[in-house]
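Dropping start_34.json in here (JSON, C-alpha atoms):
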[["chain", "number", "residue", "atom", "x", "y", "z"],
["A", 1460, "MET", "CA", 79.09, 133.22, 182.29],
["A", 1461, "LEU", "CA", 76.88, 132.44, 185.28],
["A", 1462, "SER", "CA", 77.91, 133.61, 188.74],
["A", 1463, "ASN", "CA", 75.57, 133.14, 191.70],
["A", 1464, "GLY", "CA", 72.63, 133.17, 189.32],
["A", 1465, "VAL", "CA", 73.62, 136.52, 187.81],
["A", 1466, "ILE", "CA", 74.71, 136.86, 184.18],
["A", 1467, "GLU", "CA", 77.94, 138.84, 183.89],
["A", 1468, "PHE", "CA", 78.73, 140.73, 180.69],
["A", 1469, "SER", "CA", 82.13, 141.82, 179.56],
["A", 1470, "GLU", "CA", 82.61, 145.47, 178.63],
["A", 1471, "ALA", "CA", 82.50, 144.56, 174.94],
["A", 1472, "GLN", "CA", 79.31, 142.52, 175.39],
["A", 1473, "THR", "CA", 77.70, 145.33, 177.38],
["A", 1474, "ALA", "CA", 78.53, 147.79, 174.63],
["A", 1475, "GLU", "CA", 77.12, 145.44, 172.00],
["A", 1476, "LEU", "CA", 73.92, 144.93, 174.01],
["A", 1477, "THR", "CA", 73.53, 148.70, 174.34],
["A", 1478, "SER", "CA", 73.88, 148.99, 170.57],
["A", 1479, "ILE", "CA", 71.27, 146.25, 170.05],
["A", 1480, "VAL", "CA", 68.79, 147.98, 172.36],
["A", 1481, "ALA", "CA", 69.29, 151.28, 170.54],
["A", 1482, "ALA", "CA", 68.81, 149.61, 167.14],
["A", 1483, "VAL", "CA", 65.58, 147.90, 168.28],
["A", 1484, "GLN", "CA", 64.23, 151.14, 169.74],
["A", 1485, "GLN", "CA", 65.05, 153.03, 166.56],
["A", 1486, "ALA", "CA", 63.34, 150.37, 164.43],
["A", 1487, "ASP", "CA", 60.29, 150.33, 166.72],
["A", 1488, "ALA", "CA", 59.98, 154.11, 166.47],
["A", 1489, "ALA", "CA", 60.20, 153.99, 162.68],
["A", 1490, "LEU", "CA", 57.63, 151.18, 162.55],
["A", 1491, "ALA", "CA", 55.22, 153.09, 164.80],
["A", 1492, "ALA", "CA", 55.54, 156.22, 162.67],
["A", 1493, "ALA", "CA", 55.05, 154.23, 159.46],
["A", 1494, "GLU", "CA", 51.94, 152.48, 160.81],
["A", 1495, "ALA", "CA", 50.48, 155.77, 161.97],
["A", 1496, "ALA", "CA", 51.13, 157.34, 158.55],
["A", 1497, "ARG", "CA", 49.58, 154.38, 156.73],
["A", 1498, "ILE", "CA", 46.26, 154.58, 158.60],
["A", 1499, "PRO", "CA", 45.25, 158.10, 157.38],
["A", 1500, "ALA", "CA", 46.29, 157.16, 153.84],
["A", 1501, "LEU", "CA", 44.03, 154.10, 153.85],
["A", 1502, "ALA", "CA", 41.24, 156.09, 155.51],
["A", 1503, "ARG", "CA", 41.52, 158.67, 152.72],
["A", 1504, "ALA", "CA", 41.12, 155.82, 150.21],
["A", 1505, "GLY", "CA", 37.76, 155.02, 151.82],
["A", 1506, "GLU", "CA", 36.72, 158.68, 151.61],
["A", 1507, "LEU", "CA", 37.69, 158.75, 147.93],
["A", 1508, "ALA", "CA", 35.42, 155.77, 147.24],
["A", 1509, "ARG", "CA", 32.49, 157.61, 148.83],
["A", 1510, "GLU", "CA", 33.26, 160.76, 146.84],
["A", 1511, "LEU", "CA", 33.26, 158.78, 143.59],
["A", 1512, "ALA", "CA", 29.85, 157.29, 144.42],
["A", 1513, "ALA", "CA", 28.28, 160.53, 145.67],
["A", 1514, "GLY", "CA", 25.28, 161.66, 143.66],
["A", 1515, "LYS", "CA", 25.08, 158.45, 141.64],
["A", 1516, "PRO", "CA", 21.64, 156.78, 141.31],
["A", 1517, "SER", "CA", 22.88, 153.44, 142.60],
["A", 1518, "ARG", "CA", 25.15, 154.89, 145.25],
["A", 1519, "VAL", "CA", 25.74, 151.70, 147.24],
["A", 1520, "ARG", "CA", 26.68, 149.69, 144.16],
["A", 1521, "GLU", "CA", 28.88, 152.49, 142.83],
["A", 1522, "HIS", "CA", 30.62, 152.80, 146.20],
["A", 1523, "ASP", "CA", 31.34, 149.05, 146.33],
["A", 1524, "MET", "CA", 32.76, 149.11, 142.81],
["A", 1525, "ALA", "CA", 34.88, 152.18, 143.52],
["A", 1526, "LEU", "CA", 36.17, 150.72, 146.79],
["A", 1527, "ARG", "CA", 37.05, 147.43, 145.13],
["A", 1528, "SER", "CA", 38.91, 149.22, 142.35],
["A", 1529, "ILE", "CA", 40.83, 151.42, 144.80],
["A", 1530, "ALA", "CA", 41.63, 148.45, 147.02],
["A", 1531, "ALA", "CA", 42.90, 146.44, 144.06],
["A", 1532, "THR", "CA", 45.10, 149.33, 142.95],
["A", 1533, "ILE", "CA", 46.64, 149.68, 146.41],
["A", 1534, "GLY", "CA", 46.84, 145.93, 146.96],
["A", 1535, "VAL", "CA", 48.80, 145.01, 143.83],
["A", 1536, "PRO", "CA", 52.14, 146.58, 144.85],
["A", 1537, "ALA", "CA", 51.54, 145.48, 148.45],
["A", 1538, "ARG", "CA", 50.81, 141.90, 147.27],
["A", 1539, "VAL", "CA", 47.50, 141.90, 149.15],
["A", 1540, "SER", "CA", 44.14, 140.79, 147.74],
["A", 1541, "ASP", "CA", 41.50, 143.42, 147.10],
["A", 1542, "ARG", "CA", 39.21, 141.86, 149.72],
["A", 1543, "SER", "CA", 41.93, 142.00, 152.33],
["A", 1544, "MET", "CA", 42.76, 145.58, 151.39],
["A", 1545, "GLN", "CA", 39.08, 146.56, 151.64],
["A", 1546, "ARG", "CA", 39.04, 145.25, 155.22],
["A", 1547, "GLN", "CA", 42.21, 147.20, 155.99],
["A", 1548, "ILE", "CA", 40.65, 150.36, 154.56],
["A", 1549, "GLY", "CA", 37.54, 149.86, 156.71],
["A", 1550, "ASP", "CA", 39.66, 149.28, 159.82],
["A", 1551, "ALA", "CA", 41.71, 152.39, 159.06],
["A", 1552, "GLU", "CA", 38.59, 154.52, 158.67],
["A", 1553, "ARG", "CA", 37.22, 153.39, 162.02],
["A", 1554, "LEU", "CA", 40.54, 153.97, 163.76],
["A", 1555, "ALA", "CA", 41.05, 157.42, 162.25],
["A", 1556, "GLU", "CA", 37.49, 158.55, 162.94],
["A", 1557, "ARG", "CA", 36.85, 157.07, 166.39],
["A", 1558, "TYR", "CA", 40.31, 156.90, 167.97],
["A", 1559, "PRO", "CA", 42.45, 159.89, 166.87],
["A", 1560, "GLY", "CA", 44.23, 159.99, 170.23],
["A", 1561, "THR", "CA", 45.14, 156.33, 169.96],
["A", 1562, "LEU", "CA", 46.51, 156.90, 166.47],
["A", 1563, "GLU", "CA", 48.64, 159.80, 167.70],
["A", 1564, "ALA", "CA", 49.93, 157.79, 170.68],
["A", 1565, "ARG", "CA", 50.94, 155.00, 168.30],
["A", 1566, "ALA", "CA", 52.70, 157.50, 166.03],
["A", 1567, "GLN", "CA", 54.73, 158.73, 169.00],
["A", 1568, "GLY", "CA", 55.64, 155.18, 169.98],
["A", 1569, "GLU", "CA", 53.87, 155.54, 173.33],
["A", 1570, "ILE", "CA", 51.83, 152.37, 172.81],
["A", 1571, "THR", "CA", 52.20, 149.20, 170.77],
["A", 1572, "ARG", "CA", 50.08, 147.88, 167.94],
["A", 1573, "GLN", "CA", 48.60, 145.36, 170.40],
["A", 1574, "HIS", "CA", 47.50, 148.25, 172.65],
["A", 1575, "VAL", "CA", 45.66, 149.75, 169.68],
["A", 1576, "TYR", "CA", 43.83, 146.48, 169.06],
["A", 1577, "ALA", "CA", 42.96, 146.15, 172.76],
["A", 1578, "ILE", "CA", 41.48, 149.65, 172.89],
["A", 1579, "GLN", "CA", 39.41, 149.07, 169.75],
["A", 1580, "ASP", "CA", 38.17, 145.66, 170.88],
["A", 1581, "ALA", "CA", 37.18, 146.89, 174.35],
["A", 1582, "ALA", "CA", 35.30, 149.91, 172.96],
["A", 1583, "ALA", "CA", 33.62, 148.09, 170.07],
["A", 1584, "ASP", "CA", 30.14, 148.35, 171.63],
["A", 1585, "LEU", "CA", 30.48, 151.85, 173.09],
["A", 1586, "PRO", "CA", 28.40, 154.62, 171.49],
["A", 1587, "ASP", "CA", 30.32, 157.41, 169.75],
["A", 1588, "GLU", "CA", 29.68, 160.01, 172.46],
["A", 1589, "VAL", "CA", 31.46, 157.89, 175.08],
["A", 1590, "ILE", "CA", 34.56, 157.09, 173.00],
["A", 1591, "PRO", "CA", 36.61, 160.27, 173.77],
["A", 1592, "ALA", "CA", 36.35, 159.81, 177.56],
["A", 1593, "PHE", "CA", 37.06, 156.08, 177.29],
["A", 1594, "GLU", "CA", 40.01, 156.61, 174.96],
["A", 1595, "ALA", "CA", 41.62, 159.17, 177.27],
["A", 1596, "GLU", "CA", 41.45, 156.84, 180.28],
["A", 1597, "ALA", "CA", 42.46, 153.79, 178.24],
["A", 1598, "LEU", "CA", 45.54, 155.55, 176.86],
["A", 1599, "GLU", "CA", 46.69, 156.50, 180.35],
["A", 1600, "ARG", "CA", 46.60, 152.86, 181.35],
["A", 1601, "CYS", "CA", 48.19, 151.60, 178.12],
["A", 1602, "ARG", "CA", 51.09, 154.06, 178.38],
["A", 1603, "ARG", "CA", 52.17, 152.65, 181.73],
["A", 1604, "ASP", "CA", 51.73, 148.89, 181.29],
["A", 1605, "THR", "CA", 51.86, 145.96, 178.86],
["A", 1606, "VAL", "CA", 48.81, 145.00, 176.85],
["A", 1607, "GLY", "CA", 48.51, 141.69, 178.68],
["A", 1608, "ARG", "CA", 48.10, 143.50, 181.98],
["A", 1609, "VAL", "CA", 45.67, 146.19, 180.83],
["A", 1610, "LYS", "CA", 43.43, 144.22, 178.47],
["A", 1611, "ALA", "CA", 41.03, 143.06, 181.19],
["A", 1612, "GLU", "CA", 41.11, 146.54, 182.75],
["A", 1613, "LEU", "CA", 40.07, 148.11, 179.44],
["A", 1614, "GLU", "CA", 37.20, 145.67, 179.02],
["A", 1615, "ILE", "CA", 35.87, 146.41, 182.50],
["A", 1616, "LEU", "CA", 36.38, 150.16, 181.98],
["A", 1617, "ALA", "CA", 34.34, 150.02, 178.78],
["A", 1618, "GLN", "CA", 31.56, 148.11, 180.54],
["A", 1619, "ARG", "CA", 31.52, 150.68, 183.35],
["A", 1620, "MET", "CA", 31.33, 153.64, 180.95],
["A", 1621, "HIS", "CA", 28.56, 152.22, 178.76],
["A", 1622, "PRO", "CA", 25.33, 154.24, 179.16],
["A", 1623, "ARG", "CA", 23.31, 151.00, 179.43],
["A", 1624, "SER", "CA", 24.10, 148.83, 182.43],
["A", 1625, "PHE", "CA", 25.92, 145.57, 181.87],
["A", 1626, "VAL", "CA", 22.96, 143.71, 183.38],
["A", 1627, "GLU", "CA", 20.61, 145.19, 180.78],
["A", 1628, "ARG", "CA", 22.95, 144.48, 177.89],
["A", 1629, "HIS", "CA", 23.66, 140.93, 179.08],
["A", 1630, "ALA", "CA", 19.92, 140.24, 179.39],
["A", 1631, "SER", "CA", 19.44, 141.35, 175.79],
["A", 1632, "ALA", "CA", 22.47, 139.45, 174.53],
["A", 1633, "ARG", "CA", 21.42, 136.29, 176.38],
["A", 1634, "GLU", "CA", 18.27, 136.18, 174.27],
["A", 1635, "ARG", "CA", 20.51, 135.63, 171.23],
["A", 1636, "ARG", "CA", 22.03, 132.36, 172.50],
["A", 1637, "ASP", "CA", 22.08, 129.79, 169.75],
["A", 1638, "ILE", "CA", 23.78, 126.81, 168.13],
["A", 1639, "THR", "CA", 24.74, 127.06, 164.47],
["A", 1640, "THR", "CA", 26.55, 124.76, 162.08],
["A", 1641, "ARG", "CA", 28.79, 125.48, 159.13],
["A", 1642, "ALA", "CA", 29.98, 123.12, 156.42],
["A", 1643, "LEU", "CA", 33.75, 122.73, 156.05],
["A", 1644, "PRO", "CA", 35.82, 121.09, 153.30],
["A", 1645, "ASP", "CA", 36.57, 117.36, 153.18],
["A", 1646, "GLY", "CA", 33.36, 116.17, 154.80],
["A", 1647, "MET", "CA", 33.76, 118.17, 158.01],
["A", 1648, "SER", "CA", 31.51, 120.71, 159.71],
["A", 1649, "SER", "CA", 31.77, 123.08, 162.67],
["A", 1650, "LEU", "CA", 29.36, 123.59, 165.56],
["A", 1651, "LEU", "CA", 29.19, 127.05, 167.17],
["A", 1652, "LEU", "CA", 27.53, 127.41, 170.57],
["A", 1653, "VAL", "CA", 26.69, 130.97, 171.66],
["A", 1654, "ALA", "CA", 25.87, 131.11, 175.37],
["A", 1655, "PRO", "CA", 26.68, 133.18, 178.49],
["A", 1656, "THR", "CA", 30.41, 133.37, 179.14],
["A", 1657, "PRO", "CA", 30.35, 131.44, 182.44],
["A", 1658, "VAL", "CA", 28.63, 128.55, 180.68],
["A", 1659, "ILE", "CA", 31.20, 128.49, 177.88],
["A", 1660, "ALA", "CA", 34.06, 128.81, 180.38],
["A", 1661, "GLY", "CA", 32.65, 125.93, 182.39],
["A", 1662, "ILE", "CA", 32.30, 123.76, 179.28],
["A", 1663, "ASP", "CA", 35.89, 124.53, 178.29],
["A", 1664, "ASP", "CA", 37.15, 123.68, 181.77],
["A", 1665, "ARG", "CA", 35.20, 120.41, 181.91],
["A", 1666, "MET", "CA", 36.45, 119.33, 178.48],
["A", 1667, "ASN", "CA", 40.03, 120.00, 179.64],
["A", 1668, "GLN", "CA", 39.54, 117.98, 182.81],
["A", 1669, "MET", "CA", 38.02, 115.08, 180.90],
["A", 1670, "ALA", "CA", 40.75, 115.12, 178.27],
["A", 1671, "THR", "CA", 43.38, 115.07, 181.02],
["A", 1672, "VAL", "CA", 41.83, 111.94, 182.56],
["A", 1673, "VAL", "CA", 41.81, 110.17, 179.18],
["A", 1674, "ILE", "CA", 45.44, 111.10, 178.55],
["A", 1675, "ASP", "CA", 46.47, 109.94, 182.05],
["A", 1676, "VAL", "CA", 44.69, 106.61, 181.58],
["A", 1677, "ARG", "CA", 46.28, 106.19, 178.17],
["A", 1678, "ASN", "CA", 49.75, 106.87, 179.53],
["A", 1679, "ALA", "CA", 49.20, 104.37, 182.33],
["A", 1680, "ALA", "CA", 48.00, 101.81, 179.80],
["A", 1681, "LYS", "CA", 51.13, 102.25, 177.70],
["A", 1682, "ALA", "CA", 53.20, 101.45, 180.76],
["A", 1683, "ALA", "CA", 51.08, 98.41, 181.54],
["A", 1684, "VAL", "CA", 50.86, 96.79, 178.10],
["A", 1685, "GLY", "CA", 51.00, 93.02, 178.46],
["A", 1686, "SER", "CA", 49.53, 92.89, 181.96],
["A", 1687, "PRO", "CA", 46.20, 91.07, 182.58],
["A", 1688, "ALA", "CA", 43.16, 93.14, 181.77],
["A", 1689, "GLY", "CA", 41.27, 92.00, 184.87],
["A", 1690, "ASP", "CA", 37.67, 90.99, 185.31],
["A", 1691, "ASP", "CA", 36.08, 94.45, 185.10],
["A", 1692, "ASP", "CA", 34.79, 96.33, 182.08],
["A", 1693, "ARG", "CA", 37.88, 98.43, 181.51],
["A", 1694, "ILE", "CA", 39.24, 98.68, 178.00],
["A", 1695, "PRO", "CA", 42.32, 96.41, 177.72],
["A", 1696, "ALA", "CA", 45.62, 98.22, 178.12],
["A", 1697, "ASP", "CA", 46.92, 97.13, 174.72],
["A", 1698, "ILE", "CA", 43.95, 98.82, 173.05],
["A", 1699, "LEU", "CA", 44.23, 102.02, 175.09],
["A", 1700, "ALA", "CA", 47.95, 102.18, 174.37],
["A", 1701, "THR", "CA", 47.25, 102.52, 170.64],
["A", 1702, "ASP", "CA", 45.32, 105.77, 171.16],
["A", 1703, "ILE", "CA", 47.33, 108.53, 169.46],
["A", 1704, "ARG", "CA", 44.74, 111.32, 169.56],
["A", 1705, "THR", "CA", 45.81, 114.85, 170.43],
["A", 1706, "ARG", "CA", 44.22, 116.75, 173.33],
["A", 1707, "ALA", "CA", 42.17, 118.77, 170.84],
["A", 1708, "GLN", "CA", 40.88, 115.60, 169.18],
["A", 1709, "ILE", "CA", 40.01, 114.04, 172.54],
["A", 1710, "ARG", "CA", 38.11, 117.18, 173.58],
["A", 1711, "ALA", "CA", 36.15, 117.12, 170.33],
["A", 1712, "ASP", "CA", 35.35, 113.41, 170.65],
["A", 1713, "ILE", "CA", 34.17, 113.73, 174.25],
["A", 1714, "ALA", "CA", 31.98, 116.75, 173.41],
["A", 1715, "ALA", "CA", 30.41, 114.81, 170.52],
["A", 1716, "ASP", "CA", 29.79, 111.80, 172.79],
["A", 1717, "ILE", "CA", 28.06, 113.92, 175.43],
["A", 1718, "LEU", "CA", 25.91, 115.82, 172.91],
["A", 1719, "LEU", "CA", 24.89, 112.63, 171.10],
["A", 1720, "THR", "CA", 24.39, 110.29, 174.05],
["A", 1721, "GLY", "CA", 24.15, 112.44, 177.15],
["A", 1722, "SER", "CA", 27.26, 110.92, 178.75],
["A", 1723, "PRO", "CA", 30.91, 110.42, 177.75],
["A", 1724, "PHE", "CA", 30.84, 106.75, 176.69],
["A", 1725, "ALA", "CA", 34.40, 107.16, 175.44],
["A", 1726, "ASP", "CA", 35.41, 107.22, 179.12],
["A", 1727, "PRO", "CA", 38.27, 104.71, 179.37],
["A", 1728, "THR", "CA", 37.88, 104.53, 183.16],
["A", 1729, "VAL", "CA", 34.27, 103.30, 183.17],
["A", 1730, "THR", "CA", 33.81, 100.04, 185.09],
["A", 1731, "GLY", "CA", 30.09, 99.44, 184.68],
["A", 1732, "ASP", "CA", 26.95, 101.20, 183.54],
["A", 1733, "GLY", "CA", 27.58, 104.30, 185.68],
["A", 1734, "PRO", "CA", 28.89, 107.67, 184.48],
["A", 1735, "GLY", "CA", 32.54, 106.74, 185.10],
["A", 1736, "THR", "CA", 35.29, 109.14, 186.09],
["A", 1737, "LEU", "CA", 34.61, 111.56, 183.22],
["A", 1738, "GLY", "CA", 30.92, 111.74, 183.99],
["A", 1739, "ALA", "CA", 31.72, 112.68, 187.59],
["A", 1740, "ILE", "CA", 33.84, 115.70, 186.59],
["A", 1741, "ARG", "CA", 32.29, 119.08, 187.26],
["A", 1742, "ALA", "CA", 33.36, 122.35, 185.70],
["A", 1743, "LYS", "CA", 35.17, 125.05, 187.68],
["A", 1744, "ILE", "CA", 35.53, 128.74, 186.85],
["A", 1745, "GLN", "CA", 37.21, 131.65, 188.66],
["A", 1746, "VAL", "CA", 35.39, 134.96, 189.13],
["A", 1747, "VAL", "CA", 36.89, 138.18, 190.51],
["A", 1748, "VAL", "CA", 34.17, 140.38, 191.99],
["A", 1749, "PRO", "CA", 34.87, 144.09, 192.69],
["A", 1750, "ALA", "CA", 34.23, 145.14, 196.29],
["A", 1751, "LEU", "CA", 31.61, 147.64, 195.10],
["A", 1752, "SER", "CA", 29.54, 144.82, 193.62],
["A", 1753, "LEU", "CA", 29.45, 143.16, 197.04],
["A", 1754, "LEU", "CA", 28.92, 146.35, 199.05],
["A", 1755, "LYS", "CA", 26.33, 147.78, 196.65],
["A", 1756, "PRO", "CA", 24.37, 144.88, 195.15],
["A", 1757, "ASP", "CA", 21.82, 147.32, 193.74],
["A", 1758, "GLY", "CA", 24.51, 149.37, 191.96],
["A", 1759, "ASP", "CA", 25.24, 153.08, 192.06],
["A", 1760, "GLU", "CA", 22.74, 155.94, 192.08],
["A", 1761, "ASN", "CA", 21.88, 155.07, 188.46],
["A", 1762, "GLY", "CA", 21.41, 151.39, 189.21],
["A", 1763, "HIS", "CA", 24.65, 150.40, 187.45],
["A", 1764, "ALA", "CA", 26.57, 147.60, 189.21],
["A", 1765, "GLU", "CA", 30.29, 147.08, 188.74],
["A", 1766, "PRO", "CA", 30.96, 144.18, 186.31],
["A", 1767, "ALA", "CA", 33.00, 141.23, 187.53],
["A", 1768, "ASP", "CA", 35.87, 139.53, 185.71],
["A", 1769, "LEU", "CA", 35.66, 135.91, 184.59],
["A", 1770, "VAL", "CA", 39.36, 135.09, 184.78],
["A", 1771, "GLY", "CA", 40.80, 134.19, 181.38],
["A", 1772, "TYR", "CA", 37.70, 135.26, 179.46],
["A", 1773, "SER", "CA", 35.85, 138.59, 179.76],
["A", 1774, "PRO", "CA", 33.73, 140.71, 182.10],
["A", 1775, "ILE", "CA", 30.38, 139.35, 183.27],
["A", 1776, "ASP", "CA", 27.46, 141.16, 184.87],
["A", 1777, "ALA", "CA", 27.38, 141.46, 188.66],
["A", 1778, "GLU", "CA", 24.16, 139.47, 189.04],
["A", 1779, "THR", "CA", 25.64, 136.47, 187.25],
["A", 1780, "ALA", "CA", 28.87, 136.80, 189.25],
["A", 1781, "ARG", "CA", 26.99, 136.74, 192.56],
["A", 1782, "ALA", "CA", 25.01, 133.68, 191.42]]

Once more with this new file: its structure as structure tokens, please.
Amino acid sequence: MLSNGVIEFSEAQTAELTSIVAAVQQADAALAAAEAARIPALARAGELARELAAGKPSRVREHDMALRSIAATIGVPARVSDRSMQRQIGDAERLAERYPGTLEARAQGEITRQHVYAIQDAAADLPDEVIPAFEAEALERCRRDTVGRVKAELEILAQRMHPRSFVERHASARERRDITTRALPDGMSSLLLVAPTPVIAGIDDRMNQMATVVIDVRNAAKAAVGSPAGDDDRIPADILATDIRTRAQIRADIAADILLTGSPFADPTVTGDGPGTLGAIRAKIQVVVPALSLLKPDGDENGHAEPADLVGYSPIDAETARA
């Protein structure tokens, strides 16, 4: 029952809840131990494939064949395809070789599976010699907080510990910006834009703002069906009211309009030949800049500046953040 906003349990309900908590904790501990035991076994499968191919003339081909055979053998009872099992074997090898402390912490139930993924993702670009120091610090943070709260911390920690400054790496990565297309089934295709994170975040924000305006106009039109359309160039309410597109579909349509024509002609608020309400929307992003980046714009004694955090996305270099 509810009493002054506080849920009151009877003695029997309290005892049952205590039993539930104990059962969940016991199951979580067993799951953690099982996952930790599975990783070395899969890693050993990868080693076995290399041993089978060692000394063979066509070593790469022999290794691929051996790995596929081993993966298929393991995958059959697990009801997993050989391709999927090969990926799992590769992931297990990387985890066992690069993150032994993380594997042990997972075995002891000190961190969750999501913590393991967060550590691996954050350290993906770190060289091998930096991994032990990063892993030790990352585990300390993961042991005391949820993955949602430490994920951004781990990403910034990894950027700080990288031997190359974030500015240098971002400059190199920025040279790889690109747009690619990929054919999809049923006459569809995808468009992938690779650009600096603030640009992508701004595009995402602007698409959301534009889609919100379209949805608001549509909802107003549904409430005004049957009223005079007026003398301006607005789309009649009865036509707008028939729009049943989802937010995702509206975002895609607006992006296509802008890329094809330079302006969102699907703007239902347009009243002439101007940009309309959608065309007037500007993107907004939120950046958290460490105090050291402001106090030391030139970085530390090695010229490394603290990375900033683009809220909701990932770290960005200090120079971009200041801009």

* Would you mind listing what lies within 12 Å of stretch 1569-1573 of chain A as a PyMOL selection string, with all atoms listed in the file counted and same-chain residues fewer than 6 positions away left out? => chain A and resi 1484+1487-1488+1490-1495+1560-1563+1579-1580+1597-1610

* To do: Can you pull out every residue within 12 Å of A:Glu1634, counting only C-alpha atoms, but drop anything in the same chain fewer than 5 positions away, and send it as a ChimeraX atom specification?
  => /A:1627-1629,1653-1655

* Structure fact -> Counting only C-alpha atoms, closest pick from A:Asp1702, A:Leu1737, A:Pro1657, A:Asn1667 relative to A:Arg1781 is A:Pro1657

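Minimum distance to A:Gly1549 across A:Arg1641, A:Arg1623, A:Lys1743, A:Arg1527 (counting all atoms listed in the file) occurs at A:Arg1527.
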
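Near A:Gln1545, within a cut-off of 8 Å and counting all atoms listed in the file, sit the residues Leu1526, Arg1527, Ala1530, Asp1541, Arg1542, Ser1543, Gln1547, Ile1548 and Gly1549 of chain A, with same-chain residues fewer than 2 positions away left out.
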
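For the pair atom CA of A:Ile1578 and atom CA of A:Leu1613, the separation is 6.9 Å.
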
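For the set A:Ala1632, A:Ile1703, A:Thr1656, A:Gly1721, the residue with the smallest atom-to-atom gap to A:Val1746 is A:Thr1656, counting all atoms listed in the file.
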
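The residue that comes closest to A:Val1658, out of A:Ile1775, A:Ala1642, A:Ala1513, A:Met1544 and on the basis of all atoms listed in the file, is A:Ile1775.
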
* Test item: residues at most 10 Å from stretch 1583-1592 of chain A, all atoms listed in the file, excluding those fewer than 4 positions along its chain, as an MDAnalysis selection string -> chainID A and resid 1556:1560 1577:1579 1596:1597 1614 1617:1618 1620:1623

Protein, DNA and RNA residues within 6 Å of (36.9, 125.5, 183.7), only C-alpha atoms, as a short mmCIF file (atom, residue, chain, number, x, y, z; two decimals) with C-alpha atoms, in the coordinates of the input:
data_model
loop_
_atom_site.label_atom_id
_atom_site.label_comp_id
_atom_site.auth_asym_id
_atom_site.auth_seq_id
_atom_site.Cartn_x
_atom_site.Cartn_y
_atom_site.Cartn_z
CA ALA A 1660 34.06 128.81 180.38
CA GLY A 1661 32.65 125.93 182.39
CA ASP A 1663 35.89 124.53 178.29
CA ASP A 1664 37.15 123.68 181.77
CA ARG A 1665 35.20 120.41 181.91
CA ALA A 1742 33.36 122.35 185.70
CA LYS A 1743 35.17 125.05 187.68
CA ILE A 1744 35.53 128.74 186.85
#

* Asked: So how many Å separate atom CA of A:Arg1497 and atom CA of A:Leu1616, to one decimal?
  -> 28.8 Å

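Among the candidate residues A:Phe1468, A:Gly1568, A:Asp1712, A:Ala1512, the one lying nearest to A:Ala1486 is A:Gly1568, with distances computed using all atoms listed in the file.
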
Can you pull out the residues contacting A:Thr1639? Cut-off 9 Å, using all atoms listed in the file, and skip same-chain residues under 6 positions away; I want them as an mmCIF file with C-alpha atoms, in the coordinates of the input.
data_model
loop_
_atom_site.group_PDB
_atom_site.id
_atom_site.type_symbol
_atom_site.label_atom_id
_atom_site.label_comp_id
_atom_site.auth_asym_id
_atom_site.auth_seq_id
_atom_site.Cartn_x
_atom_site.Cartn_y
_atom_site.Cartn_z
ATOM 1 C CA SER A 1649 31.770 123.080 162.670
ATOM 2 C CA LEU A 1650 29.360 123.590 165.560
ATOM 3 C CA LEU A 1651 29.190 127.050 167.170
ATOM 4 C CA LEU A 1652 27.530 127.410 170.570
ATOM 5 C CA VAL A 1653 26.690 130.970 171.660
#

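Considering the residues A:Lys1515, A:Arg1706, A:Arg1503, A:Arg1619 and counting only C-alpha atoms, A:Pro1766 has its shortest atom-to-atom contact with A:Arg1619.
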
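What separates atom CA of A:Thr1705 from atom CA of A:Pro1644 is a distance of 20.8 Å.
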